[in-house]
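Student: Sharing upload_34.cif here; it has mmCIF, C-alpha atoms.
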data_protein
loop_
_atom_site.label_atom_id
_atom_site.label_comp_id
_atom_site.auth_asym_id
_atom_site.auth_seq_id
_atom_site.Cartn_x
_atom_site.Cartn_y
_atom_site.Cartn_z
CA MET A 1 3.03 -32.62 17.75
CA ALA A 2 0.21 -35.06 17.44
CA THR A 3 -2.22 -33.26 15.14
CA THR A 4 -2.17 -34.49 11.58
CA SER A 5 -4.92 -32.61 9.80
CA GLN A 6 -4.71 -33.21 6.07
CA SER A 7 -5.75 -29.75 5.01
CA PHE A 8 -5.69 -26.37 6.64
CA PRO A 9 -8.96 -26.00 8.50
CA ARG A 10 -10.28 -22.48 8.19
CA LEU A 11 -10.81 -20.32 11.21
CA PRO A 12 -14.42 -19.47 11.97
CA ALA A 13 -15.34 -16.28 10.13
CA ASP A 14 -16.07 -14.29 13.27
CA VAL A 15 -12.51 -14.79 14.45
CA ASN A 16 -11.41 -12.76 11.48
CA ARG A 17 -13.41 -9.78 12.57
CA GLY A 18 -11.39 -9.11 15.63
CA ALA A 19 -13.39 -11.19 18.11
CA PRO A 20 -11.08 -12.77 20.68
CA THR A 21 -10.05 -16.26 19.60
CA ASP A 22 -10.92 -19.15 21.87
CA VAL A 23 -7.53 -20.69 22.51
CA HIS A 24 -9.06 -24.16 22.64
CA GLU A 25 -10.38 -23.83 19.13
CA ARG A 26 -7.38 -22.23 17.54
CA VAL A 27 -5.85 -23.98 14.59
CA VAL A 28 -2.22 -24.92 14.62
CA PRO A 29 -1.42 -25.81 11.02
CA LEU A 30 2.18 -26.65 11.76
CA ASP A 31 2.03 -30.29 12.61
CA GLU A 32 4.73 -31.32 10.20
CA VAL A 33 7.30 -28.87 11.50
CA VAL A 34 9.11 -30.82 14.15
CA PRO A 35 11.04 -28.49 16.44
CA VAL A 36 14.49 -29.66 17.36
CA GLY A 37 14.31 -30.79 20.96
CA ARG A 38 18.02 -30.95 21.59
CA ALA A 39 20.87 -29.62 19.50
CA ALA A 40 24.65 -29.89 19.63
CA SER A 41 25.18 -26.47 18.04
CA VAL A 42 23.13 -23.44 17.02
CA LEU A 43 23.94 -24.54 13.46
CA ASP A 44 21.36 -27.29 13.91
CA LEU A 45 18.71 -24.79 14.95
CA VAL A 46 18.77 -22.86 11.67
CA GLY A 47 15.63 -23.19 9.55
CA ASN A 48 12.49 -25.24 10.16
CA THR A 49 10.58 -22.07 11.00
CA PRO A 50 6.79 -21.96 11.42
CA LEU A 51 4.18 -20.59 9.03
CA LEU A 52 1.63 -18.25 10.54
CA GLU A 53 -1.71 -17.68 8.85
CA ILE A 54 -2.41 -13.97 8.56
CA SER A 55 -6.17 -13.70 8.87
CA ARG A 56 -7.06 -10.91 11.30
CA LEU A 57 -5.22 -8.11 9.56
CA THR A 58 -6.67 -9.18 6.22
CA ALA A 59 -10.28 -9.69 7.34
CA GLY A 60 -12.62 -8.13 4.81
CA LEU A 61 -9.74 -6.93 2.68
CA ILE A 62 -9.05 -9.98 0.54
CA PRO A 63 -11.26 -12.43 -1.37
CA ALA A 64 -12.63 -15.40 0.60
CA GLY A 65 -10.74 -17.84 -1.59
CA VAL A 66 -7.33 -16.42 -0.76
CA ARG A 67 -5.23 -17.45 2.22
CA ILE A 68 -2.04 -15.77 3.35
CA PHE A 69 0.74 -17.40 5.33
CA ALA A 70 3.90 -15.79 6.62
CA LYS A 71 7.07 -17.75 7.26
CA LEU A 72 8.37 -16.48 10.57
CA GLU A 73 12.11 -16.31 10.04
CA GLY A 74 12.57 -14.51 13.33
CA PHE A 75 12.50 -17.98 14.90
CA ASN A 76 15.98 -18.71 13.58
CA PRO A 77 18.63 -18.68 16.33
CA GLY A 78 20.22 -15.47 15.04
CA GLY A 79 16.76 -13.95 14.73
CA SER A 80 16.46 -13.68 10.95
CA VAL A 81 16.22 -15.39 7.58
CA LYS A 82 19.91 -14.58 7.07
CA ASP A 83 20.94 -17.50 9.28
CA ARG A 84 20.16 -19.77 6.34
CA PRO A 85 22.46 -18.24 3.69
CA ALA A 86 25.14 -17.47 6.28
CA LYS A 87 25.23 -21.11 7.38
CA LYS A 88 25.32 -22.38 3.80
CA MET A 89 28.02 -19.93 2.68
CA LEU A 90 30.25 -20.96 5.59
CA GLU A 91 29.58 -24.66 4.98
CA VAL A 92 30.48 -24.34 1.30
CA GLY A 93 33.52 -22.20 2.16
CA ILE A 94 34.78 -24.87 4.57
CA ALA A 95 34.03 -27.69 2.10
CA GLU A 96 35.96 -25.90 -0.65
CA GLY A 97 38.90 -25.22 1.66
CA LYS A 98 38.50 -21.42 1.39
CA LEU A 99 37.53 -21.07 5.03
CA LYS A 100 39.98 -22.88 7.30
CA PRO A 101 41.58 -22.37 10.71
CA GLY A 102 43.58 -19.15 10.81
CA LYS A 103 41.17 -17.26 8.52
CA VAL A 104 38.95 -14.39 9.56
CA ILE A 105 35.39 -14.11 8.20
CA LEU A 106 34.96 -10.58 6.80
CA ASP A 107 32.04 -9.01 4.96
CA SER A 108 30.20 -5.75 4.49
CA THR A 109 26.66 -5.97 5.82
CA SER A 110 24.18 -3.52 7.21
CA GLY A 111 22.52 -5.96 9.51
CA ASN A 112 21.08 -9.42 9.76
CA THR A 113 23.74 -11.18 7.70
CA GLY A 114 26.34 -9.68 10.01
CA ILE A 115 24.45 -10.98 13.02
CA ALA A 116 24.20 -14.45 11.45
CA LEU A 117 27.89 -14.52 10.54
CA ALA A 118 28.89 -13.31 14.01
CA MET A 119 26.76 -15.98 15.66
CA LEU A 120 27.90 -18.82 13.41
CA GLY A 121 31.54 -17.67 13.51
CA ALA A 122 31.38 -17.83 17.30
CA THR A 123 30.06 -21.39 17.35
CA LEU A 124 32.47 -22.54 14.63
CA GLY A 125 35.46 -20.84 16.26
CA TYR A 126 36.28 -18.32 13.52
CA PRO A 127 36.88 -14.63 14.24
CA VAL A 128 34.40 -12.36 12.43
CA GLU A 129 34.90 -8.77 11.24
CA LEU A 130 32.10 -6.73 9.69
CA VAL A 131 32.05 -3.46 7.79
CA MET A 132 28.88 -1.40 8.19
CA PRO A 133 27.81 2.22 7.78
CA SER A 134 27.76 3.93 11.17
CA ASN A 135 24.02 4.71 10.86
CA VAL A 136 22.85 1.09 11.26
CA SER A 137 20.67 0.59 14.31
CA ARG A 138 22.33 0.58 17.73
CA GLU A 139 20.84 -2.80 18.58
CA ARG A 140 22.55 -4.36 15.59
CA LYS A 141 25.95 -3.03 16.50
CA LYS A 142 25.56 -4.31 20.06
CA ILE A 143 24.31 -7.71 18.97
CA VAL A 144 27.26 -8.46 16.67
CA GLU A 145 29.68 -7.19 19.29
CA ALA A 146 28.01 -9.44 21.86
CA TYR A 147 28.85 -12.41 19.61
CA GLY A 148 32.47 -11.28 19.71
CA ALA A 149 32.66 -9.79 16.21
CA LYS A 150 34.65 -6.67 15.39
CA ILE A 151 33.03 -3.79 13.47
CA HIS A 152 34.70 -1.42 11.00
CA PHE A 153 32.46 1.63 10.52
CA SER A 154 32.13 3.29 7.12
CA ASP A 155 30.77 6.76 6.26
CA PRO A 156 26.95 6.81 6.45
CA MET A 157 26.86 9.38 3.65
CA GLU A 158 28.25 6.74 1.32
CA GLY A 159 25.53 4.21 2.16
CA SER A 160 26.32 0.54 1.90
CA ASP A 161 28.46 1.15 -1.16
CA GLY A 162 30.87 2.86 1.23
CA ALA A 163 30.95 -0.31 3.35
CA ILE A 164 31.62 -2.44 0.28
CA ILE A 165 34.53 -0.25 -0.78
CA MET A 166 36.03 -0.27 2.71
CA CYS A 167 35.67 -4.06 2.81
CA ARG A 168 37.51 -4.39 -0.52
CA LYS A 169 40.33 -2.21 0.80
CA LEU A 170 40.72 -4.34 3.94
CA ILE A 171 40.94 -7.47 1.83
CA ALA A 172 43.38 -5.88 -0.63
CA GLN A 173 45.67 -4.98 2.26
CA ASN A 174 45.69 -8.52 3.57
CA PRO A 175 44.16 -10.98 1.09
CA GLU A 176 45.35 -14.16 2.80
CA ARG A 177 43.84 -13.21 6.13
CA TYR A 178 40.19 -13.12 5.12
CA PHE A 179 37.32 -15.29 3.92
CA LYS A 180 34.55 -13.17 2.38
CA PRO A 181 31.16 -14.93 2.14
CA ASP A 182 29.95 -12.25 -0.34
CA GLN A 183 26.21 -12.86 -0.05
CA TYR A 184 25.43 -10.76 -3.14
CA ASN A 185 27.43 -12.95 -5.49
CA ASN A 186 27.66 -16.29 -3.70
CA GLU A 187 25.27 -18.85 -5.19
CA ALA A 188 25.33 -20.67 -1.84
CA ASN A 189 23.00 -17.88 -0.67
CA ALA A 190 20.22 -18.85 -3.08
CA LEU A 191 21.10 -22.53 -2.63
CA ALA A 192 20.35 -22.29 1.09
CA HIS A 193 16.79 -21.33 0.23
CA PHE A 194 16.51 -23.94 -2.52
CA GLU A 195 17.51 -26.61 -0.02
CA THR A 196 15.61 -25.43 3.06
CA THR A 197 13.09 -22.56 2.74
CA GLY A 198 11.51 -23.94 -0.45
CA PRO A 199 11.03 -27.53 0.76
CA GLU A 200 9.73 -26.32 4.13
CA ILE A 201 7.06 -24.16 2.45
CA TRP A 202 6.13 -27.01 0.12
CA ARG A 203 5.69 -29.39 3.06
CA GLN A 204 3.98 -26.87 5.31
CA THR A 205 1.35 -26.05 2.69
CA ARG A 206 1.15 -29.66 1.50
CA GLY A 207 1.93 -28.47 -1.96
CA GLN A 208 -1.02 -26.05 -1.98
CA VAL A 209 1.10 -22.90 -2.30
CA THR A 210 0.16 -20.95 -5.43
CA HIS A 211 2.17 -17.73 -4.96
CA PHE A 212 5.44 -16.95 -3.23
CA VAL A 213 6.17 -13.34 -2.31
CA ALA A 214 9.53 -12.19 -0.93
CA ALA A 215 11.28 -8.87 -0.49
CA ILE A 216 14.63 -8.50 -2.22
CA GLY A 217 17.87 -7.52 -0.54
CA THR A 218 20.33 -9.85 -2.21
CA GLY A 219 17.57 -11.74 -4.02
CA GLY A 220 18.69 -15.00 -2.38
CA THR A 221 15.34 -15.83 -0.79
CA VAL A 222 13.18 -15.13 -3.83
CA MET A 223 15.58 -16.87 -6.23
CA GLY A 224 16.32 -20.03 -4.25
CA THR A 225 12.85 -20.57 -2.81
CA GLY A 226 11.23 -19.64 -6.11
CA ARG A 227 13.36 -22.12 -8.04
CA PHE A 228 12.50 -24.93 -5.66
CA LEU A 229 8.77 -24.22 -5.71
CA LYS A 230 8.71 -23.97 -9.49
CA SER A 231 10.60 -27.29 -9.68
CA LYS A 232 7.66 -28.84 -7.81
CA ASN A 233 4.93 -26.99 -9.67
CA ARG A 234 5.66 -24.72 -12.62
CA ALA A 235 2.39 -22.87 -12.12
CA ILE A 236 3.52 -21.35 -8.82
CA LYS A 237 4.02 -17.62 -9.23
CA VAL A 238 7.13 -16.05 -7.74
CA ILE A 239 6.93 -12.35 -6.94
CA ALA A 240 9.60 -9.99 -5.62
CA VAL A 241 9.00 -6.94 -3.43
CA GLU A 242 11.14 -3.83 -3.69
CA PRO A 243 11.06 -0.25 -2.38
CA ASP A 244 9.28 2.22 -4.68
CA ASP A 245 12.17 4.68 -4.63
CA ALA A 246 15.94 4.76 -4.28
CA MET A 247 15.49 6.92 -1.20
CA HIS A 248 13.65 4.63 1.17
CA GLY A 249 13.59 3.44 4.76
CA LEU A 250 13.17 -0.28 4.29
CA GLU A 251 16.28 -1.65 5.91
CA GLY A 252 17.62 -4.72 4.16
CA LEU A 253 15.72 -4.09 0.92
CA LYS A 254 17.12 -2.97 -2.39
CA HIS A 255 15.68 -0.71 -5.06
CA MET A 256 17.10 -2.58 -8.03
CA ALA A 257 16.93 0.19 -10.64
CA SER A 258 19.25 2.39 -8.58
CA SER A 259 21.48 -0.32 -7.11
CA ILE A 260 24.36 -2.49 -8.16
CA VAL A 261 22.38 -5.59 -9.14
CA PRO A 262 23.51 -8.61 -7.08
CA GLY A 263 25.17 -11.35 -9.10
CA ILE A 264 22.75 -13.96 -7.78
CA TYR A 265 19.64 -11.94 -8.71
CA HIS A 266 18.07 -12.88 -12.05
CA GLU A 267 14.94 -10.87 -12.64
CA LYS A 268 13.87 -12.90 -15.66
CA GLU A 269 13.05 -15.83 -13.35
CA LEU A 270 10.40 -13.77 -11.57
CA ASP A 271 6.75 -13.62 -12.57
CA ASP A 272 6.26 -10.13 -11.19
CA LYS A 273 7.66 -7.42 -8.97
CA ILE A 274 5.61 -5.27 -6.60
CA GLN A 275 6.83 -1.90 -5.36
CA VAL A 276 5.98 -0.67 -1.89
CA GLY A 277 6.32 2.65 -0.12
CA THR A 278 8.26 3.01 3.11
CA GLU A 279 5.46 4.64 5.06
CA GLU A 280 2.78 2.11 4.09
CA ALA A 281 5.19 -0.67 5.07
CA TYR A 282 5.85 0.95 8.45
CA GLU A 283 2.11 1.22 9.06
CA MET A 284 1.68 -2.47 8.32
CA VAL A 285 4.25 -3.23 11.01
CA TYR A 286 2.03 -1.38 13.50
CA ALA A 287 -1.03 -3.17 12.11
CA LEU A 288 0.55 -6.62 12.42
CA GLY A 289 1.46 -5.94 16.03
CA GLN A 290 -2.03 -4.82 16.95
CA THR A 291 -4.09 -7.30 14.94
CA GLU A 292 -2.03 -10.47 14.67
CA GLY A 293 0.02 -10.05 17.83
CA ILE A 294 3.26 -10.30 15.96
CA LEU A 295 5.95 -7.66 16.08
CA VAL A 296 8.17 -7.71 13.00
CA GLY A 297 10.72 -5.57 11.19
CA GLN A 298 9.98 -3.17 8.33
CA SER A 299 10.85 -5.65 5.59
CA SER A 300 7.95 -7.81 6.83
CA GLY A 301 5.70 -4.75 6.60
CA ALA A 302 6.79 -4.41 2.98
CA ALA A 303 6.19 -8.12 2.36
CA ILE A 304 2.66 -8.06 3.76
CA ILE A 305 1.71 -4.91 1.81
CA ALA A 306 2.79 -6.54 -1.43
CA THR A 307 1.03 -9.75 -0.45
CA LEU A 308 -2.20 -7.85 0.25
CA LYS A 309 -1.98 -6.08 -3.10
CA LEU A 310 -1.49 -9.43 -4.80
CA ALA A 311 -4.27 -11.09 -2.77
CA ARG A 312 -6.71 -8.40 -3.87
CA SER A 313 -5.89 -9.04 -7.52
CA ILE A 314 -6.68 -12.78 -7.51
CA ARG A 315 -9.81 -14.80 -6.69
CA GLU A 316 -8.27 -17.75 -4.98
CA GLY A 317 -4.91 -19.06 -3.93
CA THR A 318 -2.51 -19.77 -1.10
CA ILE A 319 0.09 -17.05 -0.83
CA VAL A 320 3.21 -17.59 1.23
CA THR A 321 5.41 -14.67 2.14
CA VAL A 322 8.47 -14.29 4.35
CA PHE A 323 8.70 -12.25 7.53
CA CYS A 324 12.46 -11.86 7.64
CA ASP A 325 12.80 -11.05 11.34
CA PHE A 326 11.08 -9.84 14.49
CA GLY A 327 10.88 -6.20 15.43
CA ASP A 328 12.95 -5.95 18.61
CA LYS A 329 16.09 -4.69 16.94
CA TYR A 330 14.31 -1.77 15.31
CA LEU A 331 12.76 -0.25 18.40
CA SER A 332 15.33 2.55 18.48
CA THR A 333 15.00 3.28 14.76
CA ASN A 334 12.88 5.65 12.70
CA LEU A 335 10.39 2.82 12.17
CA TRP A 336 8.73 3.81 15.43
CA ILE A 337 8.73 7.60 15.03
CA GLY A 338 5.16 8.82 15.34
CA TRP A 339 3.60 5.36 15.69
CA GLN A 340 1.48 6.44 18.66
CA GLU A 341 -0.66 8.41 16.23
CA TRP A 342 -1.41 5.30 14.23
CA ARG A 343 -4.94 3.89 14.52
CA PRO A 344 -6.30 0.63 13.10
CA GLU A 345 -8.76 2.61 10.90
CA ARG A 346 -5.74 4.04 9.14
CA MET A 347 -5.25 0.70 7.41
CA GLN A 348 -8.53 1.13 5.57
CA GLN A 349 -7.28 4.50 4.31
CA VAL A 350 -4.04 2.92 3.12
CA ILE A 351 -6.01 0.27 1.23
CA ALA A 352 -8.40 2.91 -0.16
CA LYS A 353 -5.41 4.71 -1.65
CA TRP A 354 -4.50 1.59 -3.63
CA LYS A 355 -8.05 1.46 -5.00
CA ASN A 356 -7.69 4.98 -6.33
CA LYS A 357 -4.41 4.28 -8.07
CA MET B 1 21.58 32.31 4.78
CA ALA B 2 24.09 30.31 2.78
CA VAL B 3 24.57 26.76 4.02
CA ARG B 4 26.12 23.57 2.71
CA ASP B 5 24.10 20.40 2.22
CA ARG B 6 26.11 17.19 2.35
CA VAL B 7 24.36 14.87 -0.07
CA GLN B 8 24.38 11.14 0.61
CA THR B 9 24.53 8.62 -2.24
CA GLN B 10 20.78 8.05 -2.76
CA ARG B 11 20.09 11.77 -3.36
CA ARG B 12 23.02 12.40 -5.67
CA ARG B 13 20.94 11.62 -8.74
CA PHE B 14 19.26 14.98 -8.09
CA THR B 15 22.58 16.82 -7.85
CA ALA B 16 24.28 15.33 -10.90
CA GLY B 17 26.40 13.17 -8.61
CA VAL B 18 27.78 16.06 -6.55
CA ASP B 19 28.25 15.18 -2.87
CA GLU B 20 27.97 18.69 -1.44
CA VAL B 21 25.73 21.50 -2.69
CA PRO B 22 25.07 25.06 -1.51
CA ALA B 23 21.59 26.18 -0.43
CA ASP B 24 19.93 29.25 1.03
CA GLY B 25 17.31 29.70 3.72
CA ALA B 26 16.78 30.79 7.29
CA SER B 27 15.20 27.51 8.40
CA ILE B 28 15.39 23.82 7.46
CA LYS B 29 12.07 24.24 5.67
CA ALA B 30 13.38 27.17 3.62
CA VAL B 31 16.58 25.30 2.81
CA ILE B 32 14.60 22.32 1.52
CA GLU B 33 12.44 24.64 -0.62
CA ASP B 34 15.63 26.13 -2.04
CA LEU B 35 17.09 22.67 -2.69
CA GLU B 36 13.89 21.80 -4.54
CA ARG B 37 14.30 24.88 -6.76
CA ARG B 38 17.88 23.93 -7.55
CA HIS B 39 17.35 20.17 -7.75
CA PRO B 40 13.71 19.38 -8.60
CA GLY B 41 12.37 16.16 -7.06
CA MET B 42 14.22 16.48 -3.80
CA ARG B 43 11.43 17.82 -1.60
CA GLU B 44 9.12 14.88 -2.26
CA ARG B 45 11.81 12.49 -1.02
CA LEU B 46 12.37 14.44 2.16
CA LEU B 47 8.91 15.70 3.18
CA ASP B 48 5.51 14.01 3.35
CA GLU B 49 2.21 15.42 2.06
CA LYS B 50 1.78 17.42 5.26
CA GLY B 51 5.20 18.98 4.86
CA ASP B 52 6.73 17.10 7.76
CA ILE B 53 10.07 15.33 7.54
CA ARG B 54 9.48 11.79 6.32
CA ARG B 55 9.83 9.19 9.00
CA PHE B 56 12.78 7.49 7.39
CA VAL B 57 14.74 10.70 6.80
CA ASN B 58 17.12 12.14 9.36
CA ILE B 59 18.28 15.74 8.97
CA TYR B 60 21.31 16.86 10.93
CA LEU B 61 22.13 20.52 11.52
CA ASN B 62 25.81 20.81 12.43
CA GLY B 63 25.61 17.21 13.60
CA ASP B 64 22.40 17.50 15.65
CA ASP B 65 19.23 15.66 14.64
CA VAL B 66 16.70 18.43 13.92
CA ARG B 67 13.94 16.31 15.51
CA PHE B 68 15.55 17.28 18.80
CA LEU B 69 15.69 20.94 17.77
CA ASP B 70 12.68 22.60 16.15
CA ALA B 71 12.24 19.95 13.43
CA ILE B 72 11.39 21.48 10.07
CA ASN B 73 11.32 24.98 11.58
CA SER B 74 14.82 24.79 13.08
CA LYS B 75 16.69 28.03 12.47
CA VAL B 76 19.68 27.95 10.16
CA LYS B 77 22.67 30.33 10.30
CA ASP B 78 25.16 31.36 7.66
CA GLY B 79 27.78 28.67 7.15
CA ASP B 80 25.82 25.86 8.87
CA ASP B 81 26.26 22.29 7.68
CA ILE B 82 23.18 20.24 6.89
CA SER B 83 23.36 16.49 6.36
CA ILE B 84 20.33 14.62 5.14
CA VAL B 85 20.67 10.88 5.70
CA PRO B 86 18.10 8.15 5.18
CA ALA B 87 17.53 6.14 8.33
CA ILE B 88 19.04 3.06 6.74
CA ALA B 89 22.19 2.20 4.90
CA GLY B 90 20.29 1.62 1.67
CA GLY B 91 21.70 0.95 -1.74
CA ARG B 92 23.79 -2.09 -1.92
#
Just give me the structure of the file as structure tokens.
Tutor:
Amino acid sequence: MATTSQSFPRLPADVNRGAPTDVHERVVPLDEVVPVGRAASVLDLVGNTPLLEISRLTAGLIPAGVRIFAKLEGFNPGGSVKDRPAKKMLEVGIAEGKLKPGKVILDSTSGNTGIALAMLGATLGYPVELVMPSNVSRERKKIVEAYGAKIHFSDPMEGSDGAIIMCRKLIAQNPERYFKPDQYNNEANALAHFETTGPEIWRQTRGQVTHFVAAIGTGGTVMGTGRFLKSKNRAIKVIAVEPDDAMHGLEGLKHMASSIVPGIYHEKELDDKIQVGTEEAYEMVYALGQTEGILVGQSSGAAIIATLKLARSIREGTIVTVFCDFGDKYLSTNLWIGWQEWRPERMQQVIAKWKNK
Amino acid sequence: MAVRDRVQTQRRRFTAGVDEVPADGASIKAVIEDLERRHPGMRERLLDEKGDIRRFVNIYLNGDDVRFLDAINSKVKDGDDISIVPAIAGGR
């Protein structure tokens, strides 16, 4: 890309109010992200994802001095942010001699990590087996199977704890057979973000990022990226997003108070934590599709809600959040129940509710 | 009507950790009201302000998703099994 603007030019104000954007005037603030033109393996396509400025959805809702950018992790080859930790955990496993020919990659995962492991296992030549509750979305099951992975189904009534227990049993029966990446306790997970996501955001914002907001599943993204950004500028605020209740519908996210806390998650390193409701997050998914033209999964809805809440509490800043994946694999899920009734005006009502709280 | 509610992990904090509880009622709605009486806090997790089943909650009556029956008004018979499962794996 030839453009080398030194700061992010702002879009004309009228663009923000829903007027169609003139494609010739649109701003592409991504000049320093150089897409890989040719790769020897999908491994080389992981990371280096674009930042998208979120300006249409937020028009009139946030102070003029605040800008919001979303890192579009759906552009990873496996379709989610999880490609990064999966790649790093396998790399470290191979380097340490724990993953070697003859071993099978096995883990319990309800989704994107399983997809990433299945994809990377295929390209590296390792068989992959995954344990997941049988109520994960149909698309996910089909995707991992398409990569050649084998699924062991656990009882949906036992949630992902049931998958973890089944995974432990499989390993206990045959410990020499398996390599378990263990994303919840493997520091390579957070390291992946320290080495890639963090530096990318720093470069893409030219060091102007003031706040980093990420939803927590394992905590890998918020920990690793947060650590890197703080190493560059201690004033950068790092904020985690979690569901507001143990009973929630935000796939991939974890309500920490009611969960086994992941070994790599250290809450004391965070500046704040914002709780979001499932339904408001779902509505933001509809809003993003219809205002920004970007269809994402529910965790991105949660991320943007928290980011909006934060944006409304500050006067100026550059907030970067993470959209973990695109929305295709959730089309058969509850996320889309009743969405036809959703109207753009509804967003104002959602925001108004925050005001009253 | 006496029915059994199979309780998945995220709701067990309302049932003192028990994974199956009895309930009474002639419809899903009545059963949920009864569950609320026995285990306060449960209704709010399952139903929205309008009294509809929350979008991320799936209720199965003898294995069938009640959204394909009569939703909240689905009739319940003596001895029926009700499973209430969040749409996602949740927890860890």
Student: Translate the PyMOL selection byres ((chain A and resi 141-145) around 12), as applied to the file shown, into an explicit residue set as a PDB file with C-alpha atoms, keeping the file's coordinate frame.
Tutor:
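That gives us selection_12.pdb:
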ATOM      1  CA  GLY A  78      20.220 -15.470  15.040  1.00  0.00           C
ATOM      2  CA  GLY A  79      16.760 -13.950  14.730  1.00  0.00           C
ATOM      3  CA  THR A 109      26.660  -5.970   5.820  1.00  0.00           C
ATOM      4  CA  SER A 110      24.180  -3.520   7.210  1.00  0.00           C
ATOM      5  CA  GLY A 111      22.520  -5.960   9.510  1.00  0.00           C
ATOM      6  CA  ASN A 112      21.080  -9.420   9.760  1.00  0.00           C
ATOM      7  CA  THR A 113      23.740 -11.180   7.700  1.00  0.00           C
ATOM      8  CA  GLY A 114      26.340  -9.680  10.010  1.00  0.00           C
ATOM      9  CA  ILE A 115      24.450 -10.980  13.020  1.00  0.00           C
ATOM     10  CA  ALA A 116      24.200 -14.450  11.450  1.00  0.00           C
ATOM     11  CA  LEU A 117      27.890 -14.520  10.540  1.00  0.00           C
ATOM     12  CA  ALA A 118      28.890 -13.310  14.010  1.00  0.00           C
ATOM     13  CA  MET A 119      26.760 -15.980  15.660  1.00  0.00           C
ATOM     14  CA  LEU A 120      27.900 -18.820  13.410  1.00  0.00           C
ATOM     15  CA  GLY A 121      31.540 -17.670  13.510  1.00  0.00           C
ATOM     16  CA  ALA A 122      31.380 -17.830  17.300  1.00  0.00           C
ATOM     17  CA  PRO A 127      36.880 -14.630  14.240  1.00  0.00           C
ATOM     18  CA  VAL A 128      34.400 -12.360  12.430  1.00  0.00           C
ATOM     19  CA  GLU A 129      34.900  -8.770  11.240  1.00  0.00           C
ATOM     20  CA  LEU A 130      32.100  -6.730   9.690  1.00  0.00           C
ATOM     21  CA  VAL A 131      32.050  -3.460   7.790  1.00  0.00           C
ATOM     22  CA  MET A 132      28.880  -1.400   8.190  1.00  0.00           C
ATOM     23  CA  PRO A 133      27.810   2.220   7.780  1.00  0.00           C
ATOM     24  CA  SER A 134      27.760   3.930  11.170  1.00  0.00           C
ATOM     25  CA  ASN A 135      24.020   4.710  10.860  1.00  0.00           C
ATOM     26  CA  VAL A 136      22.850   1.090  11.260  1.00  0.00           C
ATOM     27  CA  SER A 137      20.670   0.590  14.310  1.00  0.00           C
ATOM     28  CA  ARG A 138      22.330   0.580  17.730  1.00  0.00           C
ATOM     29  CA  GLU A 139      20.840  -2.800  18.580  1.00  0.00           C
ATOM     30  CA  ARG A 140      22.550  -4.360  15.590  1.00  0.00           C
ATOM     31  CA  ALA A 146      28.010  -9.440  21.860  1.00  0.00           C
ATOM     32  CA  TYR A 147      28.850 -12.410  19.610  1.00  0.00           C
ATOM     33  CA  GLY A 148      32.470 -11.280  19.710  1.00  0.00           C
ATOM     34  CA  ALA A 149      32.660  -9.790  16.210  1.00  0.00           C
ATOM     35  CA  LYS A 150      34.650  -6.670  15.390  1.00  0.00           C
ATOM     36  CA  ILE A 151      33.030  -3.790  13.470  1.00  0.00           C
ATOM     37  CA  HIS A 152      34.700  -1.420  11.000  1.00  0.00           C
ATOM     38  CA  PHE A 153      32.460   1.630  10.520  1.00  0.00           C
ATOM     39  CA  ASP A 328      12.950  -5.950  18.610  1.00  0.00           C
ATOM     40  CA  LYS A 329      16.090  -4.690  16.940  1.00  0.00           C
ATOM     41  CA  TYR A 330      14.310  -1.770  15.310  1.00  0.00           C
TER      42      TYR A 330
END
Student: Going by the chain IDs and residue numbers used in this file, which residues fall under the PyMOL selection byres ((chain A) within 9 of (chain B))? Write them as a PyMOL selection string.
Tutor: chain A and resi 110+132-137+156-161+164+184+217-218+245-256+258-262+278-279+333-338
Student: CA of Trp339 in chain A and CA of Ile294 in chain A are how many Å apart?
Tutor: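 Rounded to one decimal, the two atoms are 15.7 Å apart.
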Student: When you draw a straight line from CA of Asp325 in chain A to CA of Gln340 in chain A, how long is it in Å?
Tutor: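 About the pair CA of Asp325 in chain A and CA of Gln340 in chain A: they are 22.1 Å apart.
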Student: CA of Ala240 in chain A and CA of Asp271 in chain A, how far apart in Å?
Tutor: 8.3 Å
Student: Applied to this file, what does the PyMOL selection byres ((chain B and resi 21-28) around 7) return in terms of residues, put as a ChimeraX atom specification?
Tutor: /B:1-6,18-20,29-32,34-35,72-77
Student: Contacts of range 229-238 of chain A at 9 Å or less, counting all atoms listed in the file, minus same-chain residues fewer than 2 places along, as an NGL selection string?
Tutor: :A and (194 or 198-199 or 201-202 or 207 or 209-214 or 222-227 or 240 or 269-273)
Student: Next, the residues of the selection above should be written as a compact mmCIF listing (two decimals), in the coordinates of the input with C-alpha atoms.
Tutor:
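Listed below is the output, out_35.txt:
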# COMPACT_ATOMS: atom_id res chain seq x y z
CA PHE A 194 16.51 -23.94 -2.52
CA GLY A 198 11.51 -23.94 -0.45
CA PRO A 199 11.03 -27.53 0.76
CA ILE A 201 7.06 -24.16 2.45
CA TRP A 202 6.13 -27.01 0.12
CA GLY A 207 1.93 -28.47 -1.96
CA VAL A 209 1.10 -22.90 -2.30
CA THR A 210 0.16 -20.95 -5.43
CA HIS A 211 2.17 -17.73 -4.96
CA PHE A 212 5.44 -16.95 -3.23
CA VAL A 213 6.17 -13.34 -2.31
CA ALA A 214 9.53 -12.19 -0.93
CA VAL A 222 13.18 -15.13 -3.83
CA MET A 223 15.58 -16.87 -6.23
CA GLY A 224 16.32 -20.03 -4.25
CA THR A 225 12.85 -20.57 -2.81
CA GLY A 226 11.23 -19.64 -6.11
CA ARG A 227 13.36 -22.12 -8.04
CA ALA A 240 9.60 -9.99 -5.62
CA GLU A 269 13.05 -15.83 -13.35
CA LEU A 270 10.40 -13.77 -11.57
CA ASP A 271 6.75 -13.62 -12.57
CA ASP A 272 6.26 -10.13 -11.19
CA LYS A 273 7.66 -7.42 -8.97
